[in-house]
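Chemist: Below: one structure in structure tokens.
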Number of protein chains: 2
Amino acid sequence: MTVGPIALDAMGGDFAPLEVVKGAVRASRDFGIDVVLVGDESVLKAQLAGLGEKESERIRIRHAPEVVLMTDAPSVVIRGKRRSSIRVASNLVKRGEASGVVSAGNTGATMVAARFEFGLAQGVERPAIAQVFPNRKHGTVVLDLGANVDCKVGYLVQFGVMGSIYASIVFQKRRPKVGLLSIGSEDTKGNEFSRNVLRAMRDEPAINFVGNVEGRDVFKGDVDVVVCDGFVGNIVLKITEGVATMVVGMVQDALSSEVLSKAGAALVRPSFRRFKKQMDYAEYGGAILLGVNGVCVICHGGSKARAIRNALKRAHEFAVSGIVQQITEKIEASRTAS
Amino acid sequence: MTVGPIALDAMGGDFAPLEVVKGAVRASRDFGIDVVLVGDESVLKAQLAGLGEKESERIRIRHAPEVVLMTDAPSVVIRGKRRSSIRVASNLVKRGEASGVVSAGNTGATMVAARFEFGLAQGVERPAIAQVFPNRKHGTVVLDLGANVDCKVGYLVQFGVMGSIYASIVFQKRRPKVGLLSIGSEDTKGNEFSRNVLRAMRDEPAINFVGNVEGRDVFKGDVDVVVCDGFVGNIVLKITEGVATMVVGMVQDALSSEVLSKAGAALVRPSFRRFKKQMDYAEYGGAILLGVNGVCVICHGGSKARAIRNALKRAHEFAVSGIVQQITEKIEASRTAS
């Protein structure tokens, strides 16, 4: 599928706009992806000039005078800051001038803007945030990571369908294995809600459902998709970041704690750098908001150029894959069947 | 407080009875703790003999002819295997012949046996499993780790009170900081249930409540106690184990992946061993079942001698501290105040 440029919220993120603009320049150079930088026009022109670039067919600028802050309520994009960079960027997708939107800004505001501008994909009850968690195999998609804190059974079944399509694209796998996050693999394990979800997922023909999985299974990589509600998923995301950060810190302390070890540390540093790269979420190109009627990639607030570059690549791939159409078709088929 | 011996379920765990008996011998030698080994008498005599030991005042044997398997339903200790080692060991505590019980066997069966024999501590609505999670400070107590999958608001408030007492003992801290696990620090963050719990915990004078905390705060160590329901807690526990195992594996791969690194790996190995020790749950002496009318320490099924030794030490400390009396008093005071 030929697709248009990706709209990039150039003012969103802890290192915006400089690192975001840099990421756009790299995505354009490295992958030939066209980008529309959305934000304050004069600022963005200056940033491009500072990087020895200027506006072109490949990197265009769309003016948006307002910026959503990390501290703003998500609803600000509807009520207060209608001309904010994330809202204008999402609107470009709605109008068909862009094939997807990428933002490292306020996650809540990005979700609201995408949902408000794109609407939900046909038949979808709730959108969900999905992300690939790294492991020693190809990784595992976990969703919902926080879009929905109070869920109904049917939402999670749809998350399974959407997560399965997402996994089939990123892992190039025909029938990804989908599991439900619980506290034991037996059908009797879980709380009342999760056991109800389990039964409903068993009845869903659109997914290759393997039943309950445990937290550790996310990191074994034997399952491709793990479904949970957004409250649990957000806790899982932050626990994972917390443990990984602590362990990396402990290893670094250990490597530099003794005179005896210093020579050793210097020798293992290249291996350690590779390891850190494997753990780096920036490599995975951000999270995706599934279930809205367009491609929306959400980056970590701390994203630097490399993370933005990879997120733009991912957004482009999703647009090419027709992920929204695939979701619409499968959800429709699933609703018709039930 | 002078306390009696600790009853040890000598038949429980993946490496029982040998490693369990070894752990008892070490606890006796290293800390002067008296132990009652509960299990098949002839087997245990033979195990002690194999270690160059025999029954004594310090290490006694109490015969129990039945063994609860990891695959048994927890209720088996009430209906089927009333003479199982875990049931007999718990009964010793009830009868005042032991000051606490330690088991690395079937966790569910251990909980049921302890609750059935000891009963709940006065005023406690539900017992909870608590454990110290390692971090770069002294660690953080997390509860409930799986005793209650479906919780009411009041249960979590009591978990806060009990966790606070537990933390005050293990960290020797007067007013431990207690947080509620949620998906953001603001009071508005969370799901409907967690927001209700937040309000109730703010009204509980028996704890030093700091409000919502996030998953990553568990590993920063700025908070001493983190409260959640048993479904979320069990997922958190297994996610933590999963990430730590994966990261340690990745570091090991990285350290041995290149010829260039091999010399370095040899040099850093001592540091790396120290790091692994820091991550090792065995060092923390297991989890504790809080809210029952006696001391019950639950070890990982894969516990070896060192973990058993440390769990016996912890059980002895808890008995000395009068943790059950402290919980009873605080819960009673909290109920009277409200």
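Here's how to read the names in the structure tokens: chain A, B, ... by the order shown, residue numbers from 1 in each chain, ligand numbers from 1 in the order shown.
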Mind fitting chain B onto chain A over all Cα atoms in sequence order and sending the result as an mmCIF file with C-alpha atoms, in the first residue's frame?
Modeler:
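selection02.cif was written with the following content:
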data_model
loop_
_atom_site.group_PDB
_atom_site.id
_atom_site.type_symbol
_atom_site.label_atom_id
_atom_site.label_comp_id
_atom_site.auth_asym_id
_atom_site.auth_seq_id
_atom_site.Cartn_x
_atom_site.Cartn_y
_atom_site.Cartn_z
ATOM 1 C CA MET B 1 -0.019 0.003 -0.033
ATOM 2 C CA THR B 2 1.301 3.482 -0.853
ATOM 3 C CA VAL B 3 0.893 5.682 2.144
ATOM 4 C CA GLY B 4 1.251 9.360 2.904
ATOM 5 C CA PRO B 5 3.584 11.050 5.379
ATOM 6 C CA ILE B 6 3.506 10.556 9.154
ATOM 7 C CA ALA B 7 2.367 13.538 11.240
ATOM 8 C CA LEU B 8 4.804 14.099 14.110
ATOM 9 C CA ASP B 9 3.899 16.052 17.234
ATOM 10 C CA ALA B 10 7.120 18.066 17.202
ATOM 11 C CA MET B 11 6.370 19.823 20.505
ATOM 12 C CA GLY B 12 5.630 16.706 22.593
ATOM 13 C CA GLY B 13 8.144 15.073 24.925
ATOM 14 C CA ASP B 14 10.799 15.962 27.471
ATOM 15 C CA PHE B 15 13.361 16.666 24.751
ATOM 16 C CA ALA B 16 11.065 18.405 22.249
ATOM 17 C CA PRO B 17 11.445 19.965 19.851
ATOM 18 C CA LEU B 18 15.171 19.358 19.198
ATOM 19 C CA GLU B 19 15.342 15.571 19.645
ATOM 20 C CA VAL B 20 11.980 15.105 17.955
ATOM 21 C CA VAL B 21 13.066 17.064 14.902
ATOM 22 C CA LYS B 22 16.352 15.134 14.840
ATOM 23 C CA GLY B 23 14.384 11.889 14.895
ATOM 24 C CA ALA B 24 12.343 13.052 11.897
ATOM 25 C CA VAL B 25 15.464 13.928 9.945
ATOM 26 C CA ARG B 26 16.943 10.501 10.682
ATOM 27 C CA ALA B 27 13.764 8.626 9.756
ATOM 28 C CA SER B 28 13.675 10.524 6.494
ATOM 29 C CA ARG B 29 17.349 9.812 5.737
ATOM 30 C CA ASP B 30 17.483 6.213 7.015
ATOM 31 C CA PHE B 31 14.144 4.912 5.794
ATOM 32 C CA GLY B 32 12.885 7.439 3.243
ATOM 33 C CA ILE B 33 9.830 8.151 5.390
ATOM 34 C CA ASP B 34 8.036 11.439 4.757
ATOM 35 C CA VAL B 35 7.203 13.451 7.866
ATOM 36 C CA VAL B 36 5.027 16.435 8.666
ATOM 37 C CA LEU B 37 6.456 18.272 11.668
ATOM 38 C CA VAL B 38 3.575 19.832 13.595
ATOM 39 C CA GLY B 39 4.297 22.717 15.968
ATOM 40 C CA ASP B 40 5.446 26.325 16.103
ATOM 41 C CA GLU B 41 6.521 27.067 12.550
ATOM 42 C CA SER B 42 9.294 29.536 13.296
ATOM 43 C CA VAL B 43 10.750 27.334 16.033
ATOM 44 C CA LEU B 44 10.700 24.277 13.780
ATOM 45 C CA LYS B 45 12.290 26.157 10.875
ATOM 46 C CA ALA B 46 15.068 27.266 13.179
ATOM 47 C CA GLN B 47 15.536 23.709 14.501
ATOM 48 C CA LEU B 48 15.768 22.300 10.973
ATOM 49 C CA ALA B 49 18.239 25.017 9.996
ATOM 50 C CA GLY B 50 20.347 24.196 13.056
ATOM 51 C CA LEU B 51 20.553 20.615 11.766
ATOM 52 C CA GLY B 52 21.576 21.825 8.294
ATOM 53 C CA GLU B 53 18.148 20.953 6.912
ATOM 54 C CA LYS B 54 15.239 22.905 5.516
ATOM 55 C CA GLU B 55 11.608 22.287 4.710
ATOM 56 C CA SER B 56 11.227 19.962 1.731
ATOM 57 C CA GLU B 57 8.887 17.431 0.171
ATOM 58 C CA ARG B 58 10.233 14.881 2.640
ATOM 59 C CA ILE B 59 9.990 17.011 5.766
ATOM 60 C CA ARG B 60 7.178 19.504 5.792
ATOM 61 C CA ILE B 61 6.062 21.806 8.597
ATOM 62 C CA ARG B 62 2.475 22.399 9.698
ATOM 63 C CA HIS B 63 1.979 25.305 12.075
ATOM 64 C CA ALA B 64 0.277 24.705 15.429
ATOM 65 C CA PRO B 65 0.546 27.574 17.931
ATOM 66 C CA GLU B 66 -0.352 25.688 21.131
ATOM 67 C CA VAL B 67 1.476 23.042 23.165
ATOM 68 C CA VAL B 68 -0.044 20.482 25.532
ATOM 69 C CA LEU B 69 2.032 20.228 28.698
ATOM 70 C CA MET B 70 2.738 16.984 30.578
ATOM 71 C CA THR B 71 0.759 18.462 33.476
ATOM 72 C CA ASP B 72 -2.311 19.338 31.367
ATOM 73 C CA ALA B 73 -5.482 17.275 31.747
ATOM 74 C CA PRO B 74 -5.959 15.042 28.675
ATOM 75 C CA SER B 75 -9.259 16.751 27.854
ATOM 76 C CA VAL B 76 -7.411 20.029 27.213
ATOM 77 C CA VAL B 77 -7.098 19.060 23.540
ATOM 78 C CA ILE B 78 -10.879 19.252 23.190
ATOM 79 C CA ARG B 79 -11.712 22.204 25.401
ATOM 80 C CA GLY B 80 -8.726 24.482 25.790
ATOM 81 C CA LYS B 81 -5.953 23.822 23.300
ATOM 82 C CA ARG B 82 -7.675 23.007 20.037
ATOM 83 C CA ARG B 83 -4.743 24.321 18.054
ATOM 84 C CA SER B 84 -2.182 22.285 19.968
ATOM 85 C CA SER B 85 0.413 20.312 18.022
ATOM 86 C CA ILE B 86 -1.035 16.906 18.968
ATOM 87 C CA ARG B 87 -4.557 17.926 18.019
ATOM 88 C CA VAL B 88 -3.483 19.435 14.693
ATOM 89 C CA ALA B 89 -1.305 16.388 13.943
ATOM 90 C CA SER B 90 -4.218 14.020 14.621
ATOM 91 C CA ASN B 91 -6.465 16.143 12.456
ATOM 92 C CA LEU B 92 -4.056 15.687 9.522
ATOM 93 C CA VAL B 93 -4.674 11.936 9.767
ATOM 94 C CA LYS B 94 -8.421 12.448 9.889
ATOM 95 C CA ARG B 95 -8.271 14.609 6.764
ATOM 96 C CA GLY B 96 -6.156 12.063 4.927
ATOM 97 C CA GLU B 97 -3.137 14.364 4.750
ATOM 98 C CA ALA B 98 -1.108 11.989 6.895
ATOM 99 C CA SER B 99 -1.152 8.184 7.355
ATOM 100 C CA GLY B 100 -0.474 8.196 11.069
ATOM 101 C CA VAL B 101 0.507 10.299 14.036
ATOM 102 C CA VAL B 102 3.449 9.952 16.433
ATOM 103 C CA SER B 103 3.790 11.757 19.770
ATOM 104 C CA ALA B 104 6.100 11.642 22.776
ATOM 105 C CA GLY B 105 3.939 14.174 24.602
ATOM 106 C CA ASN B 106 1.202 13.802 27.217
ATOM 107 C CA THR B 107 -0.064 10.224 26.702
ATOM 108 C CA GLY B 108 -3.583 10.952 27.912
ATOM 109 C CA ALA B 109 -3.899 13.975 25.615
ATOM 110 C CA THR B 110 -2.577 11.952 22.676
ATOM 111 C CA MET B 111 -5.210 9.274 23.278
ATOM 112 C CA VAL B 112 -7.983 11.838 23.569
ATOM 113 C CA ALA B 113 -6.859 13.712 20.448
ATOM 114 C CA ALA B 114 -6.589 10.507 18.401
ATOM 115 C CA ARG B 115 -9.925 9.211 19.580
ATOM 116 C CA PHE B 116 -11.618 12.563 19.065
ATOM 117 C CA GLU B 117 -10.216 13.124 15.579
ATOM 118 C CA PHE B 118 -10.204 9.562 14.210
ATOM 119 C CA GLY B 119 -13.105 8.090 16.129
ATOM 120 C CA LEU B 120 -13.162 4.413 17.041
ATOM 121 C CA ALA B 121 -12.675 1.763 14.394
ATOM 122 C CA GLN B 122 -15.984 0.205 13.376
ATOM 123 C CA GLY B 123 -17.267 -2.189 16.041
ATOM 124 C CA VAL B 124 -14.550 -1.483 18.607
ATOM 125 C CA GLU B 125 -15.845 -0.780 22.114
ATOM 126 C CA ARG B 126 -12.666 0.652 23.654
ATOM 127 C CA PRO B 127 -9.207 1.461 22.313
ATOM 128 C CA ALA B 128 -6.204 -0.091 24.060
ATOM 129 C CA ILE B 129 -2.518 0.742 24.381
ATOM 130 C CA ALA B 130 -0.242 -2.094 23.253
ATOM 131 C CA GLN B 131 3.517 -2.438 23.402
ATOM 132 C CA VAL B 132 6.115 -5.103 22.722
ATOM 133 C CA PHE B 133 7.871 -6.206 25.906
ATOM 134 C CA PRO B 134 11.403 -7.426 25.262
ATOM 135 C CA ASN B 135 12.400 -10.984 26.014
ATOM 136 C CA ARG B 136 14.943 -13.513 24.837
ATOM 137 C CA LYS B 137 12.715 -14.529 21.929
ATOM 138 C CA HIS B 138 11.101 -11.925 19.647
ATOM 139 C CA GLY B 139 9.193 -10.176 22.401
ATOM 140 C CA THR B 140 5.596 -10.276 23.636
ATOM 141 C CA VAL B 141 2.791 -7.783 22.995
ATOM 142 C CA VAL B 142 1.046 -6.694 26.202
ATOM 143 C CA LEU B 143 -2.238 -4.747 26.252
ATOM 144 C CA ASP B 144 -4.048 -2.780 27.622
ATOM 145 C CA LEU B 145 -1.300 -0.715 29.240
ATOM 146 C CA GLY B 146 -3.526 1.964 30.663
ATOM 147 C CA ALA B 147 -6.206 3.265 28.302
ATOM 148 C CA ASN B 148 -9.013 1.632 30.340
ATOM 149 C CA VAL B 149 -8.801 1.311 34.121
ATOM 150 C CA ASP B 150 -12.296 -0.120 34.555
ATOM 151 C CA CYS B 151 -13.057 -2.814 31.997
ATOM 152 C CA LYS B 152 -15.944 -5.031 30.985
ATOM 153 C CA VAL B 153 -15.403 -8.631 29.889
ATOM 154 C CA GLY B 154 -16.069 -7.832 26.233
ATOM 155 C CA TYR B 155 -13.363 -5.162 26.115
ATOM 156 C CA LEU B 156 -10.676 -7.699 26.953
ATOM 157 C CA VAL B 157 -11.898 -10.130 24.307
ATOM 158 C CA GLN B 158 -11.543 -7.341 21.737
ATOM 159 C CA PHE B 159 -8.096 -6.487 23.126
ATOM 160 C CA GLY B 160 -7.195 -10.097 22.333
ATOM 161 C CA VAL B 161 -8.358 -9.720 18.733
ATOM 162 C CA MET B 162 -6.567 -6.397 18.241
ATOM 163 C CA GLY B 163 -3.394 -7.560 19.984
ATOM 164 C CA SER B 164 -3.351 -10.656 17.799
ATOM 165 C CA ILE B 165 -3.427 -8.537 14.626
ATOM 166 C CA TYR B 166 -0.721 -6.249 15.998
ATOM 167 C CA ALA B 167 1.485 -9.259 16.849
ATOM 168 C CA SER B 168 0.891 -10.835 13.443
ATOM 169 C CA ILE B 169 2.334 -7.668 11.871
ATOM 170 C CA VAL B 170 5.315 -7.005 14.151
ATOM 171 C CA PHE B 171 6.320 -10.678 14.517
ATOM 172 C CA GLN B 172 5.212 -11.693 10.998
ATOM 173 C CA LYS B 173 3.383 -14.640 12.450
ATOM 174 C CA ARG B 174 0.163 -16.102 11.102
ATOM 175 C CA ARG B 175 -1.652 -17.230 14.270
ATOM 176 C CA PRO B 176 -0.040 -15.539 17.261
ATOM 177 C CA LYS B 177 -0.656 -17.215 20.611
ATOM 178 C CA VAL B 178 -2.840 -15.087 22.882
ATOM 179 C CA GLY B 179 -2.899 -15.533 26.666
ATOM 180 C CA LEU B 180 -4.866 -13.910 29.488
ATOM 181 C CA LEU B 181 -2.776 -12.529 32.341
ATOM 182 C CA SER B 182 -3.712 -14.328 35.541
ATOM 183 C CA ILE B 183 -2.096 -15.882 38.604
ATOM 184 C CA GLY B 184 -1.804 -19.485 37.433
ATOM 185 C CA SER B 185 -2.245 -21.400 34.202
ATOM 186 C CA GLU B 186 -5.232 -23.504 35.289
ATOM 187 C CA ASP B 187 -8.709 -22.312 34.314
ATOM 188 C CA THR B 188 -9.715 -22.071 37.974
ATOM 189 C CA LYS B 189 -7.001 -19.508 38.724
ATOM 190 C CA GLY B 190 -7.702 -15.783 38.801
ATOM 191 C CA ASN B 191 -10.294 -13.470 40.272
ATOM 192 C CA GLU B 192 -13.985 -13.398 39.422
ATOM 193 C CA PHE B 193 -13.493 -10.922 36.577
ATOM 194 C CA SER B 194 -10.568 -12.744 34.979
ATOM 195 C CA ARG B 195 -12.380 -16.086 35.089
ATOM 196 C CA ASN B 196 -15.304 -14.509 33.239
ATOM 197 C CA VAL B 197 -12.922 -13.092 30.650
ATOM 198 C CA LEU B 198 -11.277 -16.499 30.283
ATOM 199 C CA ARG B 199 -14.574 -18.139 29.385
ATOM 200 C CA ALA B 200 -15.417 -15.420 26.868
ATOM 201 C CA MET B 201 -11.984 -15.605 25.224
ATOM 202 C CA ARG B 202 -12.304 -19.369 24.831
ATOM 203 C CA ASP B 203 -15.425 -18.689 22.763
ATOM 204 C CA GLU B 204 -13.705 -16.185 20.443
ATOM 205 C CA PRO B 205 -12.765 -17.913 17.166
ATOM 206 C CA ALA B 206 -10.753 -14.923 15.852
ATOM 207 C CA ILE B 207 -7.832 -15.637 18.211
ATOM 208 C CA ASN B 208 -5.465 -18.508 18.909
ATOM 209 C CA PHE B 209 -6.187 -18.495 22.637
ATOM 210 C CA VAL B 210 -3.917 -20.500 24.948
ATOM 211 C CA GLY B 211 -5.701 -19.687 28.244
ATOM 212 C CA ASN B 212 -4.290 -18.176 31.415
ATOM 213 C CA VAL B 213 -0.653 -17.151 31.537
ATOM 214 C CA GLU B 214 1.445 -15.816 34.414
ATOM 215 C CA GLY B 215 3.587 -12.733 34.753
ATOM 216 C CA ARG B 216 6.771 -14.651 34.139
ATOM 217 C CA ASP B 217 5.434 -15.947 30.798
ATOM 218 C CA VAL B 218 5.660 -12.407 29.413
ATOM 219 C CA PHE B 219 9.439 -12.694 29.689
ATOM 220 C CA LYS B 220 9.774 -16.282 28.589
ATOM 221 C CA GLY B 221 8.323 -15.330 25.220
ATOM 222 C CA ASP B 222 6.330 -18.559 24.727
ATOM 223 C CA VAL B 223 3.206 -16.483 24.200
ATOM 224 C CA ASP B 224 2.924 -13.671 21.609
ATOM 225 C CA VAL B 225 0.144 -11.587 23.138
ATOM 226 C CA VAL B 226 -0.819 -11.085 26.787
ATOM 227 C CA VAL B 227 -4.150 -9.440 27.567
ATOM 228 C CA CYS B 228 -5.084 -7.641 30.796
ATOM 229 C CA ASP B 229 -7.117 -4.627 31.875
ATOM 230 C CA GLY B 230 -5.498 -1.188 31.763
ATOM 231 C CA PHE B 231 -5.058 -0.902 35.537
ATOM 232 C CA VAL B 232 -3.125 -4.165 35.801
ATOM 233 C CA GLY B 233 -1.317 -3.486 32.510
ATOM 234 C CA ASN B 234 -0.060 -0.098 33.591
ATOM 235 C CA ILE B 235 1.215 -1.574 36.857
ATOM 236 C CA VAL B 236 2.929 -4.364 34.903
ATOM 237 C CA LEU B 237 4.585 -1.791 32.623
ATOM 238 C CA LYS B 238 5.937 0.258 35.505
ATOM 239 C CA ILE B 239 7.016 -2.778 37.544
ATOM 240 C CA THR B 240 8.938 -3.990 34.494
ATOM 241 C CA GLU B 241 10.642 -0.630 34.017
ATOM 242 C CA GLY B 242 11.374 -0.487 37.739
ATOM 243 C CA VAL B 243 12.966 -3.942 37.955
ATOM 244 C CA ALA B 244 14.970 -3.479 34.749
ATOM 245 C CA THR B 245 16.281 -0.096 35.884
ATOM 246 C CA MET B 246 17.201 -1.456 39.305
ATOM 247 C CA VAL B 247 18.928 -4.538 37.935
ATOM 248 C CA VAL B 248 20.909 -2.570 35.354
ATOM 249 C CA GLY B 249 21.936 -0.183 38.132
ATOM 250 C CA MET B 250 22.982 -3.071 40.376
ATOM 251 C CA VAL B 251 25.040 -4.634 37.586
ATOM 252 C CA GLN B 252 26.724 -1.303 36.907
ATOM 253 C CA ASP B 253 27.471 -0.865 40.610
ATOM 254 C CA ALA B 254 28.849 -4.390 40.724
ATOM 255 C CA LEU B 255 31.007 -3.832 37.644
ATOM 256 C CA SER B 256 32.616 -0.715 39.055
ATOM 257 C CA SER B 257 32.677 -1.457 42.772
ATOM 258 C CA GLU B 258 36.119 -2.967 43.104
ATOM 259 C CA VAL B 259 39.546 -2.068 41.903
ATOM 260 C CA LEU B 260 39.971 -5.708 41.021
ATOM 261 C CA SER B 261 36.915 -5.558 38.784
ATOM 262 C CA LYS B 262 37.750 -2.340 36.971
ATOM 263 C CA ALA B 263 39.876 -3.963 34.310
ATOM 264 C CA GLY B 264 37.206 -6.582 33.839
ATOM 265 C CA ALA B 265 34.506 -3.963 33.565
ATOM 266 C CA ALA B 266 36.383 -2.232 30.763
ATOM 267 C CA LEU B 267 36.613 -5.495 28.889
ATOM 268 C CA VAL B 268 32.947 -6.428 29.219
ATOM 269 C CA ARG B 269 31.621 -2.941 28.479
ATOM 270 C CA PRO B 270 30.900 -3.626 24.773
ATOM 271 C CA SER B 271 28.805 -6.674 25.703
ATOM 272 C CA PHE B 272 27.042 -4.692 28.375
ATOM 273 C CA ARG B 273 26.142 -1.965 25.895
ATOM 274 C CA ARG B 274 24.577 -4.550 23.607
ATOM 275 C CA PHE B 275 22.617 -5.881 26.556
ATOM 276 C CA LYS B 276 21.320 -2.441 27.483
ATOM 277 C CA LYS B 277 20.229 -1.961 23.885
ATOM 278 C CA GLN B 278 18.225 -5.171 24.072
ATOM 279 C CA MET B 279 16.464 -3.801 27.144
ATOM 280 C CA ASP B 280 15.860 -0.395 25.635
ATOM 281 C CA TYR B 281 12.240 0.399 24.950
ATOM 282 C CA ALA B 282 13.345 3.059 22.446
ATOM 283 C CA GLU B 283 14.360 0.218 20.137
ATOM 284 C CA TYR B 284 10.806 -1.034 20.014
ATOM 285 C CA GLY B 285 9.424 2.207 18.598
ATOM 286 C CA GLY B 286 6.873 3.080 21.251
ATOM 287 C CA ALA B 287 3.402 1.867 22.039
ATOM 288 C CA ILE B 288 0.436 1.864 19.685
ATOM 289 C CA LEU B 289 -3.132 2.930 20.373
ATOM 290 C CA LEU B 290 -5.221 0.115 18.887
ATOM 291 C CA GLY B 291 -8.894 0.396 18.063
ATOM 292 C CA VAL B 292 -9.003 3.973 16.797
ATOM 293 C CA ASN B 293 -9.670 4.688 13.157
ATOM 294 C CA GLY B 294 -6.069 5.594 12.291
ATOM 295 C CA VAL B 295 -2.466 4.868 13.209
ATOM 296 C CA CYS B 296 -1.344 6.441 16.506
ATOM 297 C CA VAL B 297 2.056 5.658 18.000
ATOM 298 C CA ILE B 298 2.759 6.841 21.543
ATOM 299 C CA CYS B 299 6.385 7.296 22.619
ATOM 300 C CA HIS B 300 7.896 7.504 26.078
ATOM 301 C CA GLY B 301 8.122 11.101 27.321
ATOM 302 C CA GLY B 302 11.887 10.727 27.589
ATOM 303 C CA SER B 303 12.294 9.765 23.908
ATOM 304 C CA LYS B 304 15.381 11.002 22.106
ATOM 305 C CA ALA B 305 16.061 11.104 18.366
ATOM 306 C CA ARG B 306 16.621 7.357 18.034
ATOM 307 C CA ALA B 307 13.306 6.477 19.699
ATOM 308 C CA ILE B 308 11.439 9.001 17.549
ATOM 309 C CA ARG B 309 13.103 7.655 14.411
ATOM 310 C CA ASN B 310 12.045 4.100 15.295
ATOM 311 C CA ALA B 311 8.521 5.184 16.191
ATOM 312 C CA LEU B 312 8.154 6.876 12.798
ATOM 313 C CA LYS B 313 9.340 3.675 11.148
ATOM 314 C CA ARG B 314 6.777 1.658 13.108
ATOM 315 C CA ALA B 315 3.962 4.108 12.304
ATOM 316 C CA HIS B 316 4.861 3.886 8.619
ATOM 317 C CA GLU B 317 4.873 0.060 8.761
ATOM 318 C CA PHE B 318 1.471 0.013 10.456
ATOM 319 C CA ALA B 319 0.038 2.336 7.821
ATOM 320 C CA VAL B 320 1.437 0.096 5.073
ATOM 321 C CA SER B 321 0.063 -3.017 6.759
ATOM 322 C CA GLY B 322 -3.451 -1.591 6.853
ATOM 323 C CA ILE B 323 -3.719 -2.460 10.561
ATOM 324 C CA VAL B 324 -6.878 -0.377 11.009
ATOM 325 C CA GLN B 325 -8.655 -2.169 8.146
ATOM 326 C CA GLN B 326 -7.530 -5.549 9.501
ATOM 327 C CA ILE B 327 -8.890 -4.716 12.957
ATOM 328 C CA THR B 328 -12.180 -3.465 11.538
ATOM 329 C CA GLU B 329 -12.657 -6.639 9.494
ATOM 330 C CA LYS B 330 -11.803 -9.057 12.308
ATOM 331 C CA ILE B 331 -13.881 -7.247 14.900
ATOM 332 C CA GLU B 332 -16.788 -7.119 12.483
ATOM 333 C CA ALA B 333 -16.452 -10.841 11.702
ATOM 334 C CA SER B 334 -16.232 -11.651 15.410
ATOM 335 C CA ARG B 335 -19.378 -9.623 16.158
ATOM 336 C CA THR B 336 -21.258 -11.241 13.308
ATOM 337 C CA ALA B 337 -20.226 -14.731 14.484
ATOM 338 C CA SER B 338 -21.355 -14.197 18.055
#
Chemist: Quick one: DSSP alpha helix (DSSP H) residues in range 69-255 of chain A, as a ChimeraX atom specification?
Modeler: /A:76-79,85-94,107-118,153-170,192-202,215-220,230-255
